[in-house]
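K.L.:
Pasting run_15.txt here (compact mmCIF, C-alpha atoms):
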```
# COMPACT_ATOMS: atom_id res chain seq x y z
CA MET R 1 -3.96 -10.99 15.72
CA SER R 2 -7.24 -9.06 15.62
CA VAL R 3 -7.23 -5.40 14.54
CA LEU R 4 -7.94 -4.30 18.12
CA GLY R 5 -5.22 -6.61 19.44
CA GLU R 6 -2.73 -5.24 16.92
CA LEU R 7 -3.61 -1.64 17.82
CA ARG R 8 -3.08 -2.46 21.50
CA PHE R 9 0.26 -4.06 20.64
CA LEU R 10 1.36 -1.02 18.61
CA LEU R 11 0.31 1.33 21.41
CA ARG R 12 2.24 -0.82 23.89
CA ILE R 13 5.52 -0.98 21.93
CA THR R 14 5.43 2.78 21.42
CA ARG R 15 4.23 3.37 25.00
CA SER R 16 1.43 5.56 23.61
CA HIS R 17 -1.35 4.43 25.99
CA ASP R 18 -0.44 7.20 28.40
CA ILE R 19 -0.26 9.83 25.67
CA ALA R 20 -3.70 8.92 24.27
CA ARG R 21 -5.18 8.94 27.77
CA ARG R 22 -3.60 12.31 28.54
CA TYR R 23 -4.92 13.78 25.29
CA PHE R 24 -8.39 12.40 26.08
CA VAL R 25 -8.45 14.14 29.45
CA VAL R 26 -6.75 17.39 28.45
CA ASN R 27 -8.73 18.02 25.27
CA GLY R 28 -11.96 16.62 26.73
CA PHE R 29 -11.56 19.12 29.56
CA ASP R 30 -10.88 21.87 27.00
CA GLY R 31 -14.05 20.96 25.10
CA ALA R 32 -16.23 20.79 28.20
CA LEU R 33 -14.86 24.02 29.63
CA ALA R 34 -15.21 25.85 26.30
CA MET R 35 -18.86 24.78 26.14
CA LEU R 36 -19.37 25.83 29.75
CA GLY R 37 -17.87 29.22 28.89
CA LEU R 38 -20.10 29.64 25.87
CA THR R 39 -23.30 28.54 27.61
CA MET R 40 -22.53 30.69 30.66
CA GLY R 41 -21.90 33.60 28.29
CA PHE R 42 -25.30 33.05 26.71
CA TYR R 43 -26.85 32.69 30.16
CA VAL R 44 -25.61 36.09 31.35
CA SER R 45 -26.42 37.73 28.01
CA ASP R 46 -30.13 36.86 28.08
CA GLU R 47 -32.25 36.91 24.96
CA VAL R 48 -29.90 34.91 22.72
CA ALA R 49 -31.87 32.87 20.20
CA LEU R 50 -31.59 29.11 20.56
CA GLY R 51 -30.52 28.79 16.91
CA THR R 52 -27.66 31.23 17.52
CA MET R 53 -26.52 29.31 20.61
CA LEU R 54 -26.68 26.03 18.73
CA SER R 55 -24.69 27.38 15.78
CA ALA R 56 -22.06 29.00 18.00
CA CYS R 57 -21.60 25.88 20.16
CA SER R 58 -21.58 23.50 17.18
CA GLY R 59 -19.06 25.67 15.36
CA THR R 60 -16.83 25.76 18.40
CA ALA R 61 -17.13 21.98 18.80
CA VAL R 62 -16.09 21.41 15.18
CA ALA R 63 -13.21 23.87 15.51
CA LEU R 64 -12.00 22.11 18.68
CA MET R 65 -12.19 18.76 16.89
CA MET R 66 -10.25 19.98 13.86
CA SER R 67 -7.68 21.68 16.06
CA GLY R 68 -7.27 18.49 18.14
CA LEU R 69 -7.01 16.24 15.09
CA SER R 70 -4.48 18.33 13.19
CA SER R 71 -2.26 19.46 16.07
CA ALA R 72 -1.94 15.95 17.55
CA TYR R 73 -1.32 14.35 14.15
CA ILE R 74 1.40 16.82 13.19
CA SER R 75 3.21 16.66 16.54
CA GLU R 76 2.84 12.90 17.06
CA SER R 77 3.94 12.10 13.47
CA ALA R 78 7.09 14.16 13.95
CA GLU R 79 7.82 12.51 17.32
CA ARG R 80 7.25 8.95 16.01
CA GLN R 81 9.39 9.51 12.91
CA ARG R 82 12.22 10.86 15.05
CA GLU R 83 11.97 7.91 17.46
CA LEU R 84 11.90 5.45 14.54
CA ALA R 85 14.99 7.03 13.00
CA GLU R 86 16.82 6.89 16.35
CA LEU R 87 15.82 3.25 16.85
CA GLY R 88 16.94 2.41 13.30
CA GLN R 89 20.34 3.94 14.06
CA ALA R 90 20.64 1.98 17.31
CA MET R 91 19.59 -1.26 15.57
CA ILE R 92 21.83 -0.50 12.55
CA THR R 93 19.07 -1.82 10.31
CA ASP R 94 16.19 -0.69 8.14
CA MET R 95 13.08 -0.68 10.33
CA ASP R 96 10.64 -0.20 7.40
CA VAL R 97 9.06 -3.66 7.69
CA SER R 98 8.88 -3.66 11.48
CA ALA R 99 5.94 -3.16 13.84
CA HIS R 100 7.69 0.04 14.94
CA ALA R 101 7.39 1.53 11.42
CA LYS R 102 3.73 0.51 11.31
CA ALA R 103 3.24 2.11 14.73
CA ALA R 104 4.95 5.30 13.52
CA ARG R 105 2.29 5.50 10.78
CA LEU R 106 -0.79 4.37 12.73
CA VAL R 107 -0.29 5.66 16.27
CA PRO R 108 -0.36 9.37 15.26
CA VAL R 109 -3.70 8.73 13.51
CA LEU R 110 -5.09 6.99 16.59
CA VAL R 111 -3.81 9.62 19.02
CA ALA R 112 -5.09 12.42 16.75
CA GLY R 113 -8.49 10.70 16.69
CA VAL R 114 -8.61 10.64 20.48
CA ASN R 115 -7.41 14.24 20.69
CA GLY R 116 -9.97 15.46 18.16
CA LEU R 117 -12.98 13.36 19.11
CA SER R 118 -12.67 13.82 22.86
CA PRO R 119 -13.63 17.55 22.93
CA PHE R 120 -16.16 17.02 20.14
CA ILE R 121 -18.00 14.23 21.97
CA PHE R 122 -18.03 16.16 25.25
CA ALA R 123 -19.25 19.29 23.43
CA MET R 124 -21.99 17.36 21.60
CA PHE R 125 -23.15 15.83 24.88
CA ILE R 126 -23.22 19.25 26.55
CA ILE R 127 -25.24 20.90 23.78
CA SER R 128 -27.52 17.89 23.32
CA PRO R 129 -30.41 19.71 25.12
CA PHE R 130 -30.33 22.30 22.30
CA TRP R 131 -30.63 19.56 19.68
CA LEU R 132 -33.34 17.77 21.63
CA HIS R 133 -35.32 21.00 21.96
CA GLU R 134 -34.90 21.72 18.26
CA LEU R 135 -36.19 18.22 17.47
CA GLY R 136 -39.24 18.83 19.66
CA VAL R 137 -38.23 16.37 22.38
CA SER R 138 -39.60 17.30 25.81
CA ILE R 139 -36.84 18.02 28.38
CA PRO R 140 -37.34 18.81 32.10
CA LEU R 141 -35.44 22.16 32.10
CA ARG R 142 -34.80 25.00 29.67
CA PRO R 143 -32.15 23.87 27.13
CA LEU R 144 -29.58 26.45 28.23
CA GLU R 145 -29.77 25.59 31.95
CA MET R 146 -29.72 21.91 31.13
CA SER R 147 -26.61 22.39 28.95
CA ILE R 148 -24.85 24.20 31.78
CA GLY R 149 -25.75 21.26 34.06
CA PHE R 150 -24.41 18.80 31.47
CA ALA R 151 -21.15 20.80 31.27
CA PHE R 152 -20.68 20.56 35.05
CA ALA R 153 -21.58 16.84 34.93
CA SER R 154 -19.03 16.21 32.12
CA ILE R 155 -16.28 18.00 34.01
CA PHE R 156 -17.17 16.07 37.18
CA ALA R 157 -17.02 12.79 35.19
CA LEU R 158 -13.60 13.74 33.80
CA GLY R 159 -12.46 14.35 37.36
CA ILE R 160 -13.62 10.85 38.33
CA PHE R 161 -11.67 9.43 35.38
CA VAL R 162 -8.53 11.37 36.40
CA GLY R 163 -8.94 10.04 39.94
CA HIS R 164 -9.19 6.51 38.58
CA VAL R 165 -6.02 7.00 36.47
CA SER R 166 -4.03 8.55 39.32
CA GLN R 167 -5.41 5.94 41.77
CA THR R 168 -6.46 8.65 44.19
CA PHE R 169 -9.84 9.12 45.84
CA TRP R 170 -12.22 9.72 42.92
CA LEU R 171 -14.45 12.22 44.74
CA TRP R 172 -11.52 14.46 45.69
CA SER R 173 -10.28 14.49 42.11
CA ALA R 174 -13.79 15.13 40.73
CA LEU R 175 -14.36 17.97 43.21
CA ARG R 176 -11.11 19.60 42.11
CA THR R 177 -12.15 19.64 38.43
CA LEU R 178 -15.61 20.79 39.49
CA ALA R 179 -14.01 23.68 41.40
CA VAL R 180 -12.26 24.78 38.18
CA ALA R 181 -15.60 24.72 36.37
CA ALA R 182 -17.29 26.65 39.19
CA LEU R 183 -14.51 29.25 39.20
CA THR R 184 -14.87 29.64 35.42
CA ALA R 185 -18.63 30.15 35.78
CA LEU R 186 -18.13 32.64 38.62
CA ILE R 187 -15.62 34.69 36.60
CA ILE R 188 -18.06 34.85 33.68
CA LEU R 189 -20.87 35.89 36.05
CA ALA R 190 -18.59 38.50 37.67
CA LEU R 191 -17.68 39.97 34.27
CA LYS R 192 -21.36 40.65 33.67
CA LEU R 193 -21.80 42.64 36.91
CA MET W 194 14.51 -34.48 3.79
CA THR W 195 16.27 -32.94 6.79
CA GLN W 196 14.44 -31.47 9.74
CA VAL W 197 15.70 -28.67 11.97
CA LYS W 198 15.06 -29.69 15.58
CA HIS W 199 16.85 -26.94 17.44
CA ILE W 200 18.22 -23.51 16.66
CA THR W 201 19.90 -20.84 18.78
CA LEU W 202 19.93 -17.29 17.44
CA ASP W 203 21.83 -14.22 18.56
CA VAL W 204 19.32 -11.41 18.09
CA LEU W 205 19.45 -7.64 18.59
CA LYS W 206 16.07 -6.21 19.56
CA PRO W 207 14.56 -2.92 20.79
CA HIS W 208 13.37 -2.88 24.43
CA HIS W 209 9.80 -3.11 23.14
CA PRO W 210 8.31 -5.60 22.40
CA THR W 211 9.49 -7.41 25.52
CA ILE W 212 11.16 -10.83 25.45
CA LEU W 213 7.85 -12.33 26.58
CA GLU W 214 6.07 -10.81 23.57
CA LEU W 215 8.90 -11.87 21.25
CA ALA W 216 8.89 -15.43 22.63
CA SER W 217 5.10 -15.60 22.31
CA ALA W 218 5.21 -14.41 18.69
CA VAL W 219 7.86 -17.00 17.80
CA ALA W 220 6.06 -19.79 19.68
CA ALA W 221 2.83 -18.93 17.85
CA LEU W 222 4.48 -19.91 14.53
CA ALA W 223 3.93 -23.62 15.21
CA GLY W 224 2.10 -25.63 17.81
CA ASP W 225 5.20 -27.56 18.90
CA TYR W 226 7.76 -24.75 19.23
CA HIS W 227 9.42 -24.43 22.62
CA VAL W 228 11.05 -21.02 22.91
CA SER W 229 13.54 -19.82 25.46
CA ILE W 230 15.04 -16.31 25.46
CA THR W 231 18.00 -15.17 27.51
CA VAL W 232 19.03 -11.51 27.70
CA GLN W 233 22.77 -11.11 27.15
CA THR W 234 23.34 -7.35 27.22
CA VAL W 235 21.15 -4.28 27.63
CA ASP W 236 21.95 -0.93 26.00
CA GLU W 237 20.12 2.41 26.01
CA LYS W 238 17.71 1.51 23.19
CA THR W 239 18.45 -2.13 22.42
CA GLU W 240 19.22 -5.49 23.99
CA SER W 241 21.04 -8.57 22.74
CA VAL W 242 19.22 -11.82 23.37
CA LEU W 243 19.77 -15.49 22.71
CA ILE W 244 16.69 -17.21 21.35
CA ALA W 245 16.65 -21.02 21.62
CA ILE W 246 13.87 -22.80 19.74
CA ASP W 247 13.03 -26.49 19.82
CA GLY W 248 10.52 -28.04 17.44
CA THR W 249 9.92 -30.96 15.13
CA ASN W 250 10.71 -28.98 11.99
CA ILE W 251 11.67 -25.33 12.49
CA ASP W 252 10.88 -23.01 9.60
CA MET W 253 13.84 -20.61 9.48
CA ALA W 254 12.27 -18.27 6.88
CA ALA W 255 9.11 -17.77 8.96
CA LEU W 256 11.27 -17.30 12.03
CA ASP W 257 13.34 -14.61 10.35
CA GLU W 258 10.22 -12.80 9.07
CA THR W 259 8.57 -12.80 12.51
CA ILE W 260 11.69 -11.53 14.25
CA ARG W 261 12.12 -8.75 11.66
CA SER W 262 8.45 -7.77 11.88
CA LEU W 263 8.96 -7.12 15.59
CA GLY W 264 11.80 -4.74 14.86
CA ALA W 265 14.58 -7.19 15.81
CA SER W 266 17.36 -8.59 13.63
CA ILE W 267 19.27 -11.86 13.64
CA HIS W 268 23.00 -11.30 14.15
CA SER W 269 24.09 -14.90 13.97
CA VAL W 270 22.93 -18.48 14.13
CA ASP W 271 24.89 -19.88 17.08
CA LYS W 272 23.69 -23.46 17.26
CA VAL W 273 21.60 -25.87 15.19
CA GLN W 274 20.46 -29.46 15.54
CA VAL W 275 19.30 -31.12 12.36
CA VAL W 276 18.17 -34.69 11.79
CA GLY W 277 18.47 -36.37 8.44
CA GLY W 278 15.58 -38.00 6.69
CA GLU W 279 15.23 -40.27 3.74
CA PRO W 280 17.09 -38.94 0.67
```
Is it possible to express this structure as structure tokens?

P.N.:
Amino acid sequence: MSVLGELRFLLRITRSHDIARRYFVVNGFDGALAMLGLTMGFYVSDEVALGTMLSACSGTAVALMMSGLSSAYISESAERQRELAELGQAMITDMDVSAHAKAARLVPVLVAGVNGLSPFIFAMFIISPFWLHELGVSIPLRPLEMSIGFAFASIFALGIFVGHVSQTFWLWSALRTLAVAALTALIILALKL
Amino acid sequence: MTQVKHITLDVLKPHHPTILELASAVAALAGDYHVSITVQTVDEKTESVLIAIDGTNIDMAALDETIRSLGASIHSVDKVQVVGGEP
């Protein structure tokens, strides 16, 4: 069995597909919304240096990744070990050499990876205009406005994904997540007034 | 040299992997294995199944290892068919 095939098998026997997918959406949404909050904050503040924005957003992205990695690993490890112990009791046998024991070791790593990388990747995509500007690449809008646009686009894309998962109309689902983003932006704008 | 042609095992397994996955893993051990699994009883976390395997020369050690690796355990060997060979 290939490595990918084995991972799929381990995810299937532990029914972890759903958990990984949920973590991807929940923490990806957290990452995108946190970046939207930061960039909107900079937008209403005016006169924030690009370097400061880049450092603040990158730092937040790394913190979200580390938080996602560690929290998911700790909680998933505990859950898998408990499930393995319960299964061992039901089977009245040592499960150490079984695929279930392997899954109890590997699945938390995989789920933690999804949980940590999801917000990081979304955040990096959202702040990519800052990086591009720093590298001297020509972009059609100011980096900050473009980042805010990317944040809305990311949240809209997550909504489409959620619609696909729930097998509902994708546009309705995407508009709902977009409404959350718009409300967040409006609250930040209102706080400035 | 004797050859095991048929074996029926009473196996306790978790609900996952499914009997289809278990049968596929056992069948993959040799190109000529014919595997049939019948569920006997289902409990909250486990199920008892009867695994019947036909082949030209069934390797019991490999069979045991594969079943264990999938989290299942052999309770008993319920039936065997063995043919004798030249001494």

K.L.:
Around (8.6, -17.3, 12.4) in the file's frame, which residues reach within 10 Å when counting only C-alpha atoms? Return as a short mmCIF file (atom, residue, chain, number, x, y, z; two decimals) with C-alpha atoms, keeping the file's coordinate frame?

P.N.:
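Heads up, here's the output in selection.cif:
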```
data_model
loop_
_atom_site.label_atom_id
_atom_site.label_comp_id
_atom_site.auth_asym_id
_atom_site.auth_seq_id
_atom_site.Cartn_x
_atom_site.Cartn_y
_atom_site.Cartn_z
CA ALA W 218 5.21 -14.41 18.69
CA VAL W 219 7.86 -17.00 17.80
CA ALA W 220 6.06 -19.79 19.68
CA ALA W 221 2.83 -18.93 17.85
CA LEU W 222 4.48 -19.91 14.53
CA ALA W 223 3.93 -23.62 15.21
CA ILE W 251 11.67 -25.33 12.49
CA ASP W 252 10.88 -23.01 9.60
CA MET W 253 13.84 -20.61 9.48
CA ALA W 254 12.27 -18.27 6.88
CA ALA W 255 9.11 -17.77 8.96
CA LEU W 256 11.27 -17.30 12.03
CA ASP W 257 13.34 -14.61 10.35
CA GLU W 258 10.22 -12.80 9.07
CA THR W 259 8.57 -12.80 12.51
CA ILE W 260 11.69 -11.53 14.25
CA ARG W 261 12.12 -8.75 11.66
CA SER W 262 8.45 -7.77 11.88
#
```

K.L.:
Report the closest atom pair, with its distance in Å rounded to one decimal, for each residue of chain R that has an atom no farther than 6 Å from chain W; count only C-alpha atoms, sort by chain and then rising residue number, and write it as CSV.

P.N.:
```
residue,atom,partner,partner_atom,distance
R:Ile13,CA,W:His209,CA,4.9
R:Val97,CA,W:Ser262,CA,5.9
R:Ser98,CA,W:Ser262,CA,4.2
R:Ala99,CA,W:Leu263,CA,5.3
```

K.L.:
To one decimal place in Å, what is the distance between CA of Asp203 in chain W and CA of Val242 in chain W?

P.N.:
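Computing the Euclidean distance for CA of Asp203 in chain W and CA of Val242 in chain W yields 6.0 Å.
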
K.L.:
What does the distance from CA of Ser269 in chain W to CA of Val204 in chain W come to in Å, to one decimal?

P.N.:
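Between CA of Ser269 in chain W and CA of Val204 in chain W the gap works out to 7.2 Å.
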
K.L.:
Taking only C-alpha atoms into account, which of W:Ile246, W:Ile267, W:Val276, W:Met194 comes nearest Asp225 in chain W?

P.N.:
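Smallest separation from Asp225 in chain W among the options: W:Ile246.
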
K.L.:
How far is it from CA of His100 in chain R to CA of Ala245 in chain W, in Å with one decimal?

P.N.:
23.8 Å

K.L.:
Between R:Leu175, R:Met35, R:Leu132, R:Leu144, which has the minimum distance to Leu50 in chain R (counting all atoms listed in the file)?

P.N.:
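Distance minimum relative to Leu50 in chain R lands on R:Leu144.
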
K.L.:
Need the shell around Ala56 in chain R: protein/DNA/RNA residues with any atom at most 12 Å away, counting all atoms listed in the file. Skip same-chain ones fewer than 2 positions apart. Format as a list in words?

P.N.:
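Once the adjacent positions are removed, what remains is Ala34, Met35, Gly37, Leu38, Thr39, Gly41, Phe42, Val48, Ala49, Leu50, Gly51, Thr52, Met53, Leu54, Ser58, Gly59, Thr60, Ala61, Val62, Ala63, Ala123, Ile127 and Phe130 of chain R.
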
K.L.:
Would you kindly return, as a PyMOL selection string, each protein, DNA or RNA residue with an atom no farther than 8 Å from any atom of Pro108 in chain R, considering all atoms listed in the file and excluding same-chain residues fewer than 3 positions away?

P.N.:
chain R and resi 72-74+76-77+80+104-105+111-112

K.L.:
Excluding Gly277 in chain W and any residue of its chain fewer than 6 positions from it, enumerate the residues within 12 Å of it, using all atoms listed in the file, and give them as a list in words.

P.N.:
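Returned residues: Met194, Thr195, Gln196, Val197, Lys198 and Asn250 of chain W.
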
K.L.:
Give me the residues near Lys192 in chain R as a PDB file with C-alpha atoms, keeping the file's coordinate frame, where near means some atom within 9 Å (using only C-alpha atoms) and where sequence neighbours in that chain fewer than 2 positions away do not count.

P.N.:
```pdb
ATOM      1  CA  GLY R  41     -21.900  33.600  28.290  1.00  0.00           C
ATOM      2  CA  VAL R  44     -25.610  36.090  31.350  1.00  0.00           C
ATOM      3  CA  SER R  45     -26.420  37.730  28.010  1.00  0.00           C
ATOM      4  CA  ILE R 187     -15.620  34.690  36.600  1.00  0.00           C
ATOM      5  CA  ILE R 188     -18.060  34.850  33.680  1.00  0.00           C
ATOM      6  CA  LEU R 189     -20.870  35.890  36.050  1.00  0.00           C
ATOM      7  CA  ALA R 190     -18.590  38.500  37.670  1.00  0.00           C
TER       8      ALA R 190
END
```

K.L.:
Would you compute, for all listed atoms of range 254-267 of chain W, the axis-aligned bounding box grown by 4 Å on each side, and then report its centre and edge lengths in Å rounded to one decimal, as JSON?

P.N.:
```
{"center_x": 13.9, "center_y": -11.5, "center_z": 11.3, "size_x": 18.8, "size_y": 21.5, "size_z": 16.9}
```

K.L.:
So which residues touch Val273 in chain W within 7 Å, counting all atoms listed in the file, skipping near sequence neighbours fewer than 5 positions away, as a PDB file with C-alpha atoms, in the coordinates of the input?

P.N.:
```pdb
ATOM      1  CA  HIS W 199      16.850 -26.940  17.440  1.00  0.00           C
ATOM      2  CA  ILE W 200      18.220 -23.510  16.660  1.00  0.00           C
ATOM      3  CA  THR W 201      19.900 -20.840  18.780  1.00  0.00           C
TER       4      THR W 201
END
```
